[in-house]
Every structure is written in structure tokens, then in C-alpha cells.
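The next block is upload22.cif, given as mmCIF, C-alpha atoms and all ligand atoms.
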```cif
data_entry
loop_
_atom_site.label_atom_id
_atom_site.label_comp_id
_atom_site.auth_asym_id
_atom_site.auth_seq_id
_atom_site.Cartn_x
_atom_site.Cartn_y
_atom_site.Cartn_z
CA MET A 1 -146.07 74.63 176.20
CA ASN A 2 -143.33 75.82 178.48
CA SER A 3 -141.95 72.37 178.93
CA THR A 4 -141.83 71.86 175.15
CA ILE A 5 -139.73 74.97 174.77
CA HIS A 6 -137.63 73.79 177.64
CA ILE A 7 -136.95 70.43 175.99
CA SER A 8 -136.10 71.97 172.66
CA GLU A 9 -133.64 74.31 174.38
CA GLN A 10 -132.07 71.39 176.17
CA LYS A 11 -131.87 69.51 172.92
CA GLU A 12 -130.11 72.41 171.29
CA GLN A 13 -127.58 72.47 174.09
CA VAL A 14 -126.98 68.75 173.81
CA GLU A 15 -126.55 69.07 170.08
CA LYS A 16 -124.02 71.84 170.56
CA GLN A 17 -122.15 69.69 173.05
CA VAL A 18 -122.16 66.70 170.69
CA TRP A 19 -120.70 68.75 167.84
CA GLU A 20 -118.01 70.03 170.21
CA ILE A 21 -117.13 66.46 171.17
CA LEU A 22 -117.01 65.45 167.50
CA GLY A 23 -114.68 68.37 166.89
CA GLU A 24 -112.12 66.59 169.07
CA VAL A 25 -112.24 63.22 167.27
CA THR A 26 -109.37 62.91 164.83
CA ASP A 27 -108.74 60.81 161.74
CA PRO A 28 -106.43 57.89 162.57
CA GLU A 29 -104.50 58.20 159.30
CA VAL A 30 -104.25 62.00 159.16
CA PRO A 31 -104.33 62.78 162.89
CA VAL A 32 -104.06 66.52 162.32
CA LEU A 33 -107.63 66.54 160.93
CA THR A 34 -110.78 66.08 162.96
CA VAL A 35 -113.78 64.26 161.57
CA LEU A 36 -115.45 67.67 161.22
CA ASP A 37 -112.49 69.08 159.26
CA LEU A 38 -112.88 66.16 156.86
CA GLY A 39 -116.59 66.76 156.48
CA ILE A 40 -117.49 63.13 157.09
CA VAL A 41 -120.08 63.81 159.81
CA ARG A 42 -123.26 64.48 157.85
CA GLU A 43 -125.89 64.64 160.55
CA VAL A 44 -126.48 64.49 164.28
CA LYS A 45 -129.92 63.34 165.38
CA ILE A 46 -130.96 63.70 169.00
CA ASN A 47 -133.92 62.11 170.72
CA GLY A 48 -135.05 61.62 174.29
CA ASN A 49 -134.86 64.02 177.20
CA ALA A 50 -132.73 64.93 180.17
CA LEU A 51 -134.77 62.77 182.53
CA HIS A 52 -134.68 59.49 180.62
CA GLY A 53 -131.45 60.12 178.82
CA TRP A 54 -130.60 61.23 175.33
CA SER A 55 -130.22 58.95 172.38
CA LEU A 56 -127.88 60.01 169.62
CA GLU A 57 -127.54 59.03 166.02
CA ILE A 58 -124.42 60.16 164.22
CA VAL A 59 -124.50 59.81 160.44
CA ILE A 60 -121.09 59.56 158.79
CA THR A 61 -120.00 59.06 155.21
CA PRO A 62 -116.76 57.40 154.04
CA THR A 63 -114.16 59.40 152.14
CA TYR A 64 -113.35 56.39 149.92
CA THR A 65 -115.36 53.20 149.49
CA GLY A 66 -112.59 51.02 150.82
CA CYS A 67 -111.26 53.43 153.45
CA PRO A 68 -110.04 51.11 156.20
CA ALA A 69 -110.15 53.95 158.72
CA MET A 70 -113.95 54.13 158.79
CA ASP A 71 -114.46 51.38 161.37
CA MET A 72 -111.87 52.98 163.62
CA ILE A 73 -113.43 56.42 163.16
CA SER A 74 -116.83 55.02 164.20
CA MET A 75 -115.25 53.48 167.25
CA ASN A 76 -113.43 56.69 168.18
CA ILE A 77 -116.64 58.70 167.86
CA ARG A 78 -118.41 56.21 170.11
CA PHE A 79 -115.65 56.32 172.73
CA ALA A 80 -115.56 60.13 172.75
CA LEU A 81 -119.33 60.30 173.32
CA LEU A 82 -119.28 57.53 175.95
CA GLN A 83 -116.59 59.42 177.81
CA GLU A 84 -118.92 62.43 178.05
CA GLY A 85 -121.70 60.30 179.49
CA PHE A 86 -123.79 59.47 176.44
CA THR A 87 -124.67 55.79 176.40
CA ASN A 88 -127.36 55.46 173.77
CA ILE A 89 -125.35 55.97 170.60
CA LYS A 90 -126.02 54.78 167.10
CA ILE A 91 -123.55 55.42 164.32
CA THR A 92 -124.81 54.91 160.81
CA GLN A 93 -123.12 55.22 157.43
CA THR A 94 -124.55 56.87 154.39
CA LEU A 95 -123.09 56.87 150.88
CA SER A 96 -125.25 59.57 149.40
CA PRO A 97 -124.57 62.38 148.67
CA VAL A 98 -121.05 61.32 147.76
CA TRP A 99 -118.27 62.76 149.91
CA THR A 100 -116.13 65.41 148.26
CA THR A 101 -113.00 67.27 149.28
CA ASP A 102 -115.11 70.45 148.91
CA TRP A 103 -116.47 69.58 152.34
CA MET A 104 -113.07 69.90 153.95
CA SER A 105 -112.97 72.90 156.29
CA GLU A 106 -110.70 75.89 155.67
CA SER A 107 -108.97 75.35 158.99
CA GLY A 108 -108.52 71.72 158.01
CA LYS A 109 -106.75 72.73 154.81
CA LYS A 110 -104.40 75.02 156.76
CA LYS A 111 -103.65 72.31 159.29
CA LEU A 112 -102.87 69.85 156.50
CA LYS A 113 -100.33 72.17 154.96
CA VAL A 114 -98.56 72.77 158.27
CA TYR A 115 -98.51 68.99 158.74
CA GLY A 116 -96.67 68.63 155.40
CA ILE A 117 -99.55 67.46 153.21
CA ALA A 118 -100.64 69.66 150.30
CA PRO A 119 -104.37 70.37 150.74
CA PRO A 120 -106.86 69.69 147.93
CA HIS A 121 -107.27 72.33 145.28
CA TYR A 122 -110.28 74.64 145.45
CA SER A 123 -111.56 73.58 142.11
CA GLN A 124 -111.03 70.09 140.86
CA ALA A 125 -109.24 70.46 137.57
CA VAL A 126 -109.01 66.81 136.69
CA CYS A 127 -112.05 64.62 137.04
CA THR A 128 -112.21 62.67 133.80
CA PRO A 129 -110.48 59.35 133.06
CA ASP A 130 -108.34 60.76 130.24
CA ALA A 131 -104.69 59.75 130.43
CA PHE A 132 -101.75 61.95 131.44
CA GLN A 133 -103.64 64.92 132.79
CA GLN A 134 -101.92 67.10 135.30
CA GLU A 135 -103.64 68.77 138.18
CA GLU A 136 -103.04 72.52 138.23
CA ALA A 137 -99.83 73.43 140.01
CA ILE A 138 -99.77 71.83 143.44
CA GLN A 139 -97.91 73.89 145.99
CA CYS A 140 -95.04 72.36 147.94
CA PRO A 141 -96.05 72.42 151.62
CA ARG A 142 -92.42 72.93 152.62
CA CYS A 143 -91.10 75.78 150.45
CA ASP A 144 -94.35 77.02 148.81
CA SER A 145 -92.97 76.49 145.29
CA PHE A 146 -95.46 75.63 142.58
CA ASN A 147 -92.73 73.87 140.65
CA THR A 148 -93.74 70.36 141.61
CA ARG A 149 -94.33 67.08 139.80
CA LEU A 150 -96.70 64.16 140.17
CA VAL A 151 -94.89 60.97 141.11
CA SER A 152 -97.94 58.75 141.48
CA GLN A 153 -101.70 59.22 141.60
CA PHE A 154 -101.79 56.76 144.47
CA GLY A 155 -100.01 57.63 147.69
CA SER A 156 -99.75 56.27 151.21
CA THR A 157 -103.54 56.11 151.54
CA ALA A 158 -106.37 56.06 149.00
CA CYS A 159 -107.05 59.77 149.50
CA LYS A 160 -103.55 60.97 148.67
CA ALA A 161 -101.30 61.27 145.62
CA LEU A 162 -97.52 61.37 145.72
CA TYR A 163 -95.70 64.52 144.57
CA GLN A 164 -92.18 65.86 144.62
CA CYS A 165 -91.02 69.46 144.77
CA VAL A 166 -88.63 70.22 141.92
CA ASP A 167 -87.07 73.14 143.83
CA CYS A 168 -86.48 71.85 147.35
CA LYS A 169 -86.72 68.14 146.35
CA GLU A 170 -89.15 67.39 149.16
CA PRO A 171 -91.38 64.40 148.39
CA PHE A 172 -94.86 65.08 149.75
CA ASP A 173 -98.41 63.80 149.85
CA TYR A 174 -101.17 65.71 148.11
CA PHE A 175 -104.68 65.23 149.46
CA LYS A 176 -106.22 64.71 146.06
CA CYS A 177 -109.47 66.20 144.89
CA HIS A 178 -112.41 63.90 145.07
CA MET B 1 -140.83 39.26 148.92
CA LYS B 2 -137.35 38.39 147.82
CA ASN B 3 -136.26 39.59 144.47
CA GLN B 4 -133.91 36.84 143.30
CA SER B 5 -132.81 38.78 140.22
CA LEU B 6 -131.80 41.76 142.33
CA ILE B 7 -129.85 39.48 144.68
CA ASP B 8 -128.13 37.81 141.73
CA TYR B 9 -127.29 41.12 140.08
CA THR B 10 -125.92 42.62 143.29
CA LEU B 11 -123.83 39.48 143.83
CA HIS B 12 -122.59 39.66 140.24
CA LEU B 13 -121.39 43.24 140.78
CA ALA B 14 -119.89 42.33 144.16
CA ASP B 15 -118.12 39.21 142.88
CA ASN B 16 -116.54 41.16 140.03
CA ALA B 17 -115.12 43.69 142.45
CA LEU B 18 -113.98 41.12 145.01
CA ILE B 19 -112.28 38.73 142.61
CA ILE B 20 -110.36 41.33 140.62
CA GLY B 21 -109.60 43.13 143.88
CA HIS B 22 -108.19 39.90 145.29
CA ARG B 23 -106.13 39.29 142.15
CA ASN B 24 -104.70 42.82 142.36
CA SER B 25 -103.90 42.33 146.03
CA GLU B 26 -101.62 39.43 145.03
CA TRP B 27 -99.28 42.12 143.69
CA CYS B 28 -98.85 43.68 147.13
CA GLY B 29 -95.13 43.48 147.89
CA HIS B 30 -94.36 42.26 144.36
CA GLY B 31 -95.01 45.37 142.22
CA PRO B 32 -92.36 46.40 139.68
CA ILE B 33 -91.53 49.55 141.66
CA LEU B 34 -92.70 50.80 145.02
CA GLU B 35 -95.03 53.52 143.70
CA GLN B 36 -96.84 51.11 141.41
CA ASP B 37 -97.01 48.44 144.10
CA ILE B 38 -98.81 51.07 146.20
CA ALA B 39 -101.02 52.05 143.27
CA ILE B 40 -102.26 48.54 142.51
CA SER B 41 -102.76 47.85 146.22
CA ASN B 42 -104.82 51.05 146.50
CA ILE B 43 -106.94 49.93 143.56
CA ALA B 44 -107.39 46.52 145.21
CA LEU B 45 -108.55 48.28 148.36
CA ASP B 46 -111.09 50.40 146.46
CA LEU B 47 -112.47 47.33 144.73
CA ILE B 48 -112.73 45.27 147.89
CA GLY B 49 -114.47 48.26 149.49
CA GLN B 50 -116.99 48.27 146.65
CA ALA B 51 -117.48 44.55 147.13
CA ARG B 52 -118.20 45.08 150.83
CA ASN B 53 -120.89 47.67 150.12
CA LEU B 54 -122.49 45.37 147.57
CA TYR B 55 -122.29 42.23 149.73
CA GLN B 56 -123.82 44.12 152.65
CA TYR B 57 -126.73 45.02 150.43
CA ALA B 58 -127.04 41.50 149.02
CA ALA B 59 -126.99 40.10 152.55
CA GLU B 60 -129.87 42.38 153.56
CA LEU B 61 -131.84 41.33 150.49
CA LYS B 62 -131.17 37.67 151.13
CA GLY B 63 -131.89 37.56 154.84
CA ASP B 64 -131.46 34.09 156.40
CA HIS B 65 -128.52 35.33 158.48
CA ALA B 66 -126.42 36.05 155.40
CA THR B 67 -123.61 38.56 156.04
CA GLU B 68 -121.02 40.22 153.84
CA ASP B 69 -118.55 37.66 155.19
CA SER B 70 -120.67 34.59 154.55
CA LEU B 71 -121.24 35.74 150.98
CA ALA B 72 -117.54 36.31 150.32
CA TYR B 73 -116.09 33.39 152.24
CA LEU B 74 -118.64 30.61 152.33
CA ARG B 75 -120.06 30.36 148.84
CA ASP B 76 -118.75 27.81 146.36
CA GLY B 77 -117.33 28.48 142.92
CA TRP B 78 -120.57 27.82 141.06
CA ASP B 79 -122.33 30.46 143.19
CA PHE B 80 -119.92 33.16 142.06
CA LYS B 81 -121.15 35.36 139.23
CA ASN B 82 -118.02 37.32 138.37
CA LEU B 83 -116.82 37.87 134.82
CA LEU B 84 -114.21 35.31 133.80
CA ILE B 85 -111.69 38.05 133.03
CA THR B 86 -111.54 39.00 136.72
CA GLU B 87 -110.43 35.54 137.87
CA LEU B 88 -107.63 34.97 135.36
CA PRO B 89 -104.11 34.74 136.79
CA ASN B 90 -102.20 38.02 136.93
CA GLY B 91 -99.59 36.99 134.38
CA ASP B 92 -96.95 39.69 133.99
CA TRP B 93 -97.40 43.40 134.69
CA ALA B 94 -98.67 44.00 131.15
CA GLN B 95 -101.40 41.41 131.53
CA THR B 96 -102.49 42.76 134.91
CA ILE B 97 -102.54 46.30 133.51
CA LEU B 98 -104.51 45.36 130.44
CA ARG B 99 -107.06 43.39 132.46
CA GLN B 100 -107.50 46.39 134.75
CA PHE B 101 -107.88 48.70 131.78
CA PHE B 102 -110.51 46.50 130.09
CA PHE B 103 -112.35 46.07 133.37
CA SER B 104 -112.13 49.70 134.55
CA THR B 105 -113.38 50.95 131.20
CA TYR B 106 -116.35 48.62 131.54
CA GLN B 107 -116.95 49.56 135.17
CA TYR B 108 -116.66 53.27 134.44
CA PHE B 109 -119.43 53.25 131.84
CA LEU B 110 -121.49 50.79 133.87
CA TYR B 111 -121.42 52.88 137.03
CA GLN B 112 -122.04 56.05 135.08
CA GLN B 113 -125.44 54.60 134.24
CA LEU B 114 -126.00 52.61 137.39
CA GLN B 115 -125.79 55.78 139.50
CA HIS B 116 -129.20 56.63 138.01
CA SER B 117 -130.68 53.21 138.87
CA LYS B 118 -134.20 53.14 140.26
CA ASP B 119 -132.73 51.07 143.08
CA GLU B 120 -131.46 53.78 145.42
CA ARG B 121 -128.92 51.61 147.16
CA LEU B 122 -127.23 50.44 143.95
CA ALA B 123 -127.34 54.02 142.68
CA ALA B 124 -125.56 55.30 145.80
CA ILE B 125 -122.90 52.57 145.71
CA ALA B 126 -122.25 53.24 142.02
CA ALA B 127 -122.07 57.02 142.43
CA LYS B 128 -119.60 56.62 145.26
CA ALA B 129 -117.42 54.12 143.41
CA LEU B 130 -117.46 56.04 140.14
CA LYS B 131 -115.02 58.66 141.44
CA GLU B 132 -112.57 55.93 142.36
CA VAL B 133 -113.02 54.03 139.12
CA THR B 134 -112.21 57.25 137.26
CA TYR B 135 -108.75 57.14 138.86
CA HIS B 136 -108.37 53.42 138.06
CA LEU B 137 -109.22 54.02 134.44
CA ARG B 138 -106.84 56.94 134.10
CA TRP B 139 -104.03 55.02 135.75
CA SER B 140 -104.51 51.85 133.71
CA SER B 141 -104.89 53.82 130.44
CA GLU B 142 -101.60 55.54 131.12
CA TRP B 143 -99.87 52.21 131.67
CA VAL B 144 -101.33 50.68 128.51
CA ILE B 145 -99.94 53.66 126.58
CA ARG B 146 -96.62 53.62 128.41
CA LEU B 147 -96.05 49.92 127.74
CA GLY B 148 -97.58 49.78 124.26
CA ASP B 149 -95.60 52.77 123.08
CA GLY B 150 -92.55 51.86 125.15
CA THR B 151 -89.68 49.50 124.40
CA ASP B 152 -89.77 46.53 122.04
CA GLU B 153 -90.11 44.21 124.98
CA SER B 154 -92.91 46.13 126.67
CA LYS B 155 -94.82 46.35 123.41
CA GLN B 156 -94.41 42.65 122.78
CA ARG B 157 -95.70 41.90 126.27
CA MET B 158 -98.72 44.13 125.73
CA GLU B 159 -99.45 42.38 122.45
CA LYS B 160 -99.29 39.04 124.18
CA ALA B 161 -101.61 40.33 126.90
CA VAL B 162 -104.13 41.43 124.25
CA GLU B 163 -103.99 37.94 122.78
CA GLU B 164 -104.59 36.37 126.19
CA LEU B 165 -107.39 38.65 127.32
CA TYR B 166 -109.37 39.91 124.39
CA ALA B 167 -111.50 36.76 124.13
CA PHE B 168 -112.67 37.37 127.70
CA THR B 169 -114.11 40.84 127.02
CA GLY B 170 -117.24 39.79 125.10
CA GLU B 171 -118.88 38.44 128.23
CA MET B 172 -119.16 41.94 129.68
CA PHE B 173 -121.84 42.82 127.15
CA LEU B 174 -123.83 39.57 127.13
CA PRO B 175 -126.93 40.09 129.26
CA THR B 176 -128.00 37.35 131.67
CA ASP B 177 -131.63 36.72 132.52
CA TYR B 178 -131.28 38.60 135.80
CA GLU B 179 -129.86 41.64 134.03
CA LYS B 180 -132.58 41.56 131.41
CA GLU B 181 -135.34 41.39 133.97
CA LEU B 182 -133.95 44.24 136.06
CA ALA B 183 -133.15 46.40 133.04
CA THR B 184 -136.83 46.57 132.13
CA ASN B 185 -137.49 48.03 135.58
CA GLY B 186 -134.68 50.57 135.29
CA ILE B 187 -132.69 48.87 138.05
CA SER B 188 -129.80 47.27 136.17
CA VAL B 189 -127.88 48.56 133.20
CA GLY B 190 -128.39 46.57 130.03
CA PRO B 191 -124.75 45.59 129.43
CA GLU B 192 -125.12 45.54 125.65
CA SER B 193 -125.68 49.30 125.85
CA LEU B 194 -122.11 49.75 127.16
CA LYS B 195 -120.38 48.09 124.25
CA GLU B 196 -120.06 51.06 121.96
CA LYS B 197 -118.57 53.38 124.56
CA TRP B 198 -116.26 50.64 125.77
CA THR B 199 -115.08 49.94 122.23
CA ASP B 200 -114.47 53.63 121.51
CA LYS B 201 -112.40 54.08 124.66
CA VAL B 202 -110.33 50.96 124.03
CA ARG B 203 -109.79 51.97 120.42
CA SER B 204 -108.57 55.47 121.31
CA VAL B 205 -106.20 54.28 124.07
CA PHE B 206 -104.84 51.52 121.82
CA GLU B 207 -104.21 54.08 119.09
CA GLU B 208 -102.25 56.25 121.48
CA ALA B 209 -100.40 53.15 122.65
CA THR B 210 -99.60 52.27 119.00
CA LEU B 211 -101.17 48.86 119.56
CA ALA B 212 -103.08 47.11 116.77
CA SER B 213 -106.83 47.27 117.19
CA PRO B 214 -108.17 43.97 118.54
CA PHE B 215 -111.58 44.52 116.98
CA LYS B 216 -112.51 42.22 114.15
CA GLU B 217 -114.90 43.21 111.42
CA ASN B 218 -118.56 42.38 112.11
CA ASN B 219 -117.61 41.51 115.70
CA SER B 220 -116.79 38.04 114.49
CA ALA B 221 -114.25 37.19 117.17
CA TRP B 222 -115.06 34.14 119.29
CA MET B 223 -115.64 35.02 122.94
CA GLN B 224 -115.52 33.13 126.23
CA SER B 225 -118.52 33.37 128.53
CA GLY B 226 -120.26 31.71 131.46
CA GLY B 227 -118.87 33.44 134.56
CA LYS B 228 -121.94 35.58 135.11
CA GLU B 229 -123.96 32.38 135.42
CA GLY B 230 -121.54 30.47 137.61
CA LYS B 231 -119.57 28.59 134.95
CA HIS B 232 -115.96 29.39 135.64
CA THR B 233 -112.43 28.62 134.56
CA GLU B 234 -110.33 26.40 136.80
CA HIS B 235 -108.59 29.55 138.06
CA LEU B 236 -111.47 30.67 140.28
CA GLY B 237 -111.06 27.56 142.42
CA PHE B 238 -107.50 28.55 143.26
CA VAL B 239 -108.53 32.10 144.13
CA LEU B 240 -111.26 30.82 146.46
CA ALA B 241 -109.02 28.18 148.00
CA GLU B 242 -106.62 30.87 149.15
CA MET B 243 -109.20 33.53 149.97
CA GLN B 244 -111.63 31.29 151.84
CA PHE B 245 -109.18 28.97 153.56
CA LEU B 246 -109.17 30.70 156.92
CA GLN B 247 -112.95 31.00 157.30
CA ARG B 248 -113.44 27.41 156.15
CA ALA B 249 -110.78 26.00 158.44
CA TYR B 250 -111.63 28.18 161.45
CA PRO B 251 -115.29 29.21 161.02
CA GLY B 252 -116.07 32.62 162.47
CA ALA B 253 -112.42 33.47 163.15
CA GLU B 254 -111.83 37.15 163.82
CA TRP B 255 -108.75 39.21 164.50
ZN ZN C 301 -90.45 72.63 147.93
#
```

Written as C-alpha cells, that's how I'd like the structure from this file.
Ligand SMILES: [Zn+2]
Amino acid sequence: MNSTIHISEQKEQVEKQVWEILGEVTDPEVPVLTVLDLGIVREVKINGNALHGWSLEIVITPTYTGCPAMDMISMNIRFALLQEGFTNIKITQTLSPVWTTDWMSESGKKKLKVYGIAPPHYSQAVCTPDAFQQEEAIQCPRCDSFNTRLVSQFGSTACKALYQCVDCKEPFDYFKCH
Amino acid sequence: MKNQSLIDYTLHLADNALIIGHRNSEWCGHGPILEQDIAISNIALDLIGQARNLYQYAAELKGDHATEDSLAYLRDGWDFKNLLITELPNGDWAQTILRQFFFSTYQYFLYQQLQHSKDERLAAIAAKALKEVTYHLRWSSEWVIRLGDGTDESKQRMEKAVEELYAFTGEMFLPTDYEKELATNGISVGPESLKEKWTDKVRSVFEEATLASPFKENNSAWMQSGGKEGKHTEHLGFVLAEMQFLQRAYPGAEW
């Protein structure tokens, strides 16, 4: 009985440590965000014990189907865990439920803005295929003006759209709602 | 037990995404302006991503050491089950845009239903891709309208594109045996059920684009078909020759 409690306490500690490590792994394309900020880590499963070693399974989900960063993110997660002494690591991908920008952390949104990328809107205004819709005013990350215009729905990566500020003229990426 | 129809259907969906994705990728570095070059390359990336998910699933179903790569790079033309419209040459920007619009409209309504498939894996892939396809459809609709209702030249080019492509749209709604079998089990979408929605969407975008409706009375227009069953135009061979060259010449090459 006691040893069971002991193991579950140890497990909890390991889990806490794993989440802390994951909180240091950043996205290769938007290096200001961690994988936790992005909300792509869906689950951490821990098995084993302190004596025989822990085995970890990290379940991640892609932001976009064709996101080329996913393989690198998996690798970075593996390296970060290896560095902290975990050797038995499995990283699996799930598609369901579908990733959404709603899972992005508040601190992530703030970091994005400071980095010069407009963070996704709180509520997705535009999610139908109808032509020529405009997202509600997107704020310029440089001068905070809402007087901005969409240049292209597709920006430097699949997850971003291209905008320009009408006031300060800054062109900027908008992390589009998904 | 292997379910050959499910393998065929998954390959059909994968081949569609791969071949049109590859065609779109031919625009990379050649787009009319930088932003649209980026847009079509992004769409290519989404589609090739969809193809990967589907090939991975097909490879698991198939077994026998099949992988996503062997399915994409080592099958011959007659094994491919993509719609003919996806393999046609890009033509000019109008033709590429119109093909994407026809295809995205089809894929949008298809995935809308496929996300409720009794096959969980196909449902998950479709639900994931649907969000992306929504962007593809919006983008391509806007371009059809912009060009159709643009200058004399852009309108003329759109009209020519309609002439080139319309005869390749009928195949989307012709069910194959593998689709019929799976539809009765709630796994595939019966493609004939998509026709009405597809037609309505095309009609409304064409109206906004001031383009003449391509629809003939009583659906009497003659349509090309065969791709879904491995009978292709000569164009697929050229796509595969370029796409598969490296893996055929240097088997297993990685970088
Ligand atoms: Zn500004």
C-alpha cells in the first residue's frame, strides 16, 4: 500500500518535470513560442518506476496537416528529454481532436505580439469558404493601430496570413485563426 | 483481413491530394506575384501533407512493408487513382486557379461528410484537412471572381479555362465500385451526393465572376472519366517521371 502511494507520488513528480522540460522546447519556425504555448502537446503518459527507469509517451498534434516543422519538433522534444536523462521515449501524433488556435496560451499570445506577429483573435470571425470576407480588425503589433489590411491569406508559413498596417505601414504576419 | 476497397479508396484520396499538390508546387518560384506564389505553394504544402496522412494509413492497411514513400514514389501510372483533373498541366494562372476552385469545392463538401465516416482514421484526417480546404476554397473563389470580373483579357482566359476543364469535373461524382461498397458501410462518401452542393457553389461563384454558367440542361455535357480506376491521360506519366525520378534512380535515397 505504502509503496503504491510512493510510486504514484514519484510518477507525479516525473510528470511535473516532463512538463517543465516541454515548456522549454520551442517551435523552430516561431522560436518565441514553446510547444506548450502552441498547445500541440496533448498528453504525457508515464510508465515504469524509479528503479527500472521511466518510459514516456508524448502525444502531439500538428497545427497544419502539412506543417514541415512537426518532424523537427518531435526531434527537439526527444533531445530535450534525453538531455534530462530519460531514455525510453515514444512520441506519437494524433489528429483528433483537431488543433485550434484556441489552445494557444495567453502568455504565448503576448510573446507573439512582442515578437512582431499579431496573435490570433479570441473568436474566429471567418471560418466559412465565402469569398472576400475580412477578419475583424487585426491589431498592428508595432503601433497598436486597428487600421490594417489583409495582403494575403497565406503568409511565410501555413499558419500565418500577411497584413499591412495602414497607419505605420509596417507589413506583419498574423497568426491566423484555425 | 485486408479490406481492398478501403485501401483503394484511401489511395484514391491520397493520389488526388498528391498529384494536384505536385502540380501546384510547379508554380513555386513562378507565381505571378510573390504573395500568390507563396499562397499556391502553401496550398501545395497542405495538400501534400494530406497525402502523407492518407498514404501512411494506406500503408498500414496494406502491410507488406509498404510505406508512405513506396506508395508515392514506386507505384506506376495505372496504380494511381487520382481524378484526371488533378493531373492536367497547369496552363496559365487562370487554368490553375479554376482547377483549384473546382477541386477545392469538391474536397470541401467531401471532407465535410467524410469527417463523420465510420472509419475513425479517415474521419480524423478529413476533419483536420477541412479547415485548410476552407482557406483553399475561399482563396480560389476570390481569384475566379477577380479574373472573371476583371479585365477583358483575364475574363477571356477564365472562359478558356472553363472550356478546358469543365469536361473533367463529371468524374468527381461518378462512383467507383470501391466507393459504392464502402458507402453502404458508412465509410466513404457516395460522390453522387456531392453534386448538388458542388453545382450550387460553382454557380454562385460564377455569377459573381460574371462568367457564363457551364451547366448544360439535363446534365447532357459529355464528361471525361477513368482516373479513379487507373486510366489516365498522358500527362500523369510526365508528373510521375519528374516526381519519382530520384527514388527510382537512387532507391532509398534520403537527405
Ligand atoms: Zn502600425

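Of the listed residues B:Lys201, B:His12, B:Arg99, B:His22, the one whose atoms come nearest to Ala58 in chain B is B:His12, with distances taken using only C-alpha atoms.
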
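For ligand ZN 301 (chain C), the neighbouring polymer residues at 6 Å or closer are Cys140, Arg142, Cys143, Asp144, Ser145, Cys165, Asp167, Cys168 and Glu170 of chain A, all atoms listed in the file being used.
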
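You will find CA of Ala39 in chain B at 7.6 Å from CA of Ser152 in chain A.
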
### Message
So that I can check the surroundings of Gln56 in chain B, please list as a list of chain:residue names every protein, DNA and RNA residue that reaches within 9 Å of it, counting all atoms listed in the file and ignoring chain neighbours fewer than 6 positions away.
### Response
B:Ala66, B:Thr67, B:Glu68, B:Asp69, B:Leu71

Box for range 30-40 of chain B: with edges along x, y and z, all listed atoms inside and 5 Å added on each side, what are the centre and edge lengths in Å to one decimal, as JSON?
```
{"center_x": -96.9, "center_y": 47.9, "center_z": 142.9, "size_x": 20.7, "size_y": 21.3, "size_z": 16.5}
```

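Among the candidate residues A:Glu136, A:Glu20, A:Asp130, A:Asp102, the one lying nearest to Val205 in chain B is A:Asp130, with distances computed using all atoms listed in the file.
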
## Note on the structure
Using only C-alpha atoms, the residue out of A:Ile40, A:Cys177, A:Leu82, A:Val14 with shortest distance to chain B is A:Cys177

Could you give me, as a tab-separated table, every chain B residue with an atom at most 9 Å from chain A, plus its closest atom pair and distance in Å to one decimal, counting all atoms listed in the file, rows ordered by chain then number?
```
residue	atom	partner	partner_atom	distance
B:Glu35	CA	A:Ser152	CA	6.4
B:Gln36	CA	A:Ser152	CA	7.7
B:Ile38	CA	A:Phe154	CA	6.7
B:Ala39	CA	A:Phe154	CA	4.9
B:Ile40	CA	A:Phe154	CA	8.5
B:Asn42	CA	A:Ala158	CA	5.8
B:Ile43	CA	A:Ala158	CA	8.2
B:Ala44	CA	A:Gly66	CA	8.9
B:Leu45	CA	A:Gly66	CA	5.5
B:Asp46	CA	A:Gly66	CA	4.7
B:Leu47	CA	A:Gly66	CA	7.1
B:Ile48	CA	A:Gly66	CA	6.5
B:Gly49	CA	A:Gly66	CA	3.6
B:Gln50	CA	A:Thr65	CA	5.9
B:Ala51	CA	A:Gly66	CA	8.9
B:Arg52	CA	A:Gly66	CA	8.2
B:Asn53	CA	A:Thr65	CA	7.8
B:Tyr108	CA	A:Pro129	CA	8.8
B:Arg121	CA	A:Leu95	CA	8.7
B:Ala123	CA	A:Ser96	CA	9.0
B:Ala124	CA	A:Ser96	CA	5.6
B:Ile125	CA	A:Leu95	CA	6.7
B:Ala127	CA	A:Val98	CA	6.9
B:Lys128	CA	A:Val98	CA	5.5
B:Ala129	CA	A:Thr65	CA	6.5
B:Lys131	CA	A:His178	CA	6.9
B:Glu132	CA	A:Tyr64	CA	7.6
B:Val133	CA	A:Pro129	CA	8.5
B:Thr134	CA	A:Pro129	CA	5.0
B:Tyr135	CA	A:Pro129	CA	6.4
B:His136	CA	A:Pro129	CA	8.0
B:Leu137	CA	A:Pro129	CA	5.6
B:Arg138	CA	A:Pro129	CA	4.5
B:Trp139	CA	A:Ala131	CA	7.1
B:Ser140	CA	A:Ala131	CA	8.6
B:Ser141	CA	A:Ala131	CA	5.9
B:Glu142	CA	A:Ala131	CA	5.3
B:Ile145	CA	A:Ala131	CA	8.6
B:Val205	CA	A:Ala131	CA	8.5
```

### Message
Which residues are close to Leu74 in chain B, i.e. within 9 Å by all atoms listed in the file, leaving aside same-chain residues fewer than 4 positions away? Reply as a list of chain:residue names.
### Response
B:Asp69, B:Ser70, B:Gln244, B:Gln247, B:Arg248

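From CA of Ile77 in chain A back to CA of Gly23 in chain A, the distance works out to 9.9 Å.
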
Exercise: range 208-212 of chain B partners within 7 Å, all atoms listed in the file, chain neighbours under 6 positions left out, as an mmCIF file with C-alpha atoms, keeping the file's coordinate frame:
```cif
data_model
loop_
_atom_site.group_PDB
_atom_site.id
_atom_site.type_symbol
_atom_site.label_atom_id
_atom_site.label_comp_id
_atom_site.auth_asym_id
_atom_site.auth_seq_id
_atom_site.Cartn_x
_atom_site.Cartn_y
_atom_site.Cartn_z
ATOM 1 C CA VAL B 144 -101.330 50.680 128.510
ATOM 2 C CA ILE B 145 -99.940 53.660 126.580
ATOM 3 C CA ARG B 146 -96.620 53.620 128.410
ATOM 4 C CA GLY B 148 -97.580 49.780 124.260
ATOM 5 C CA ASP B 149 -95.600 52.770 123.080
#
```
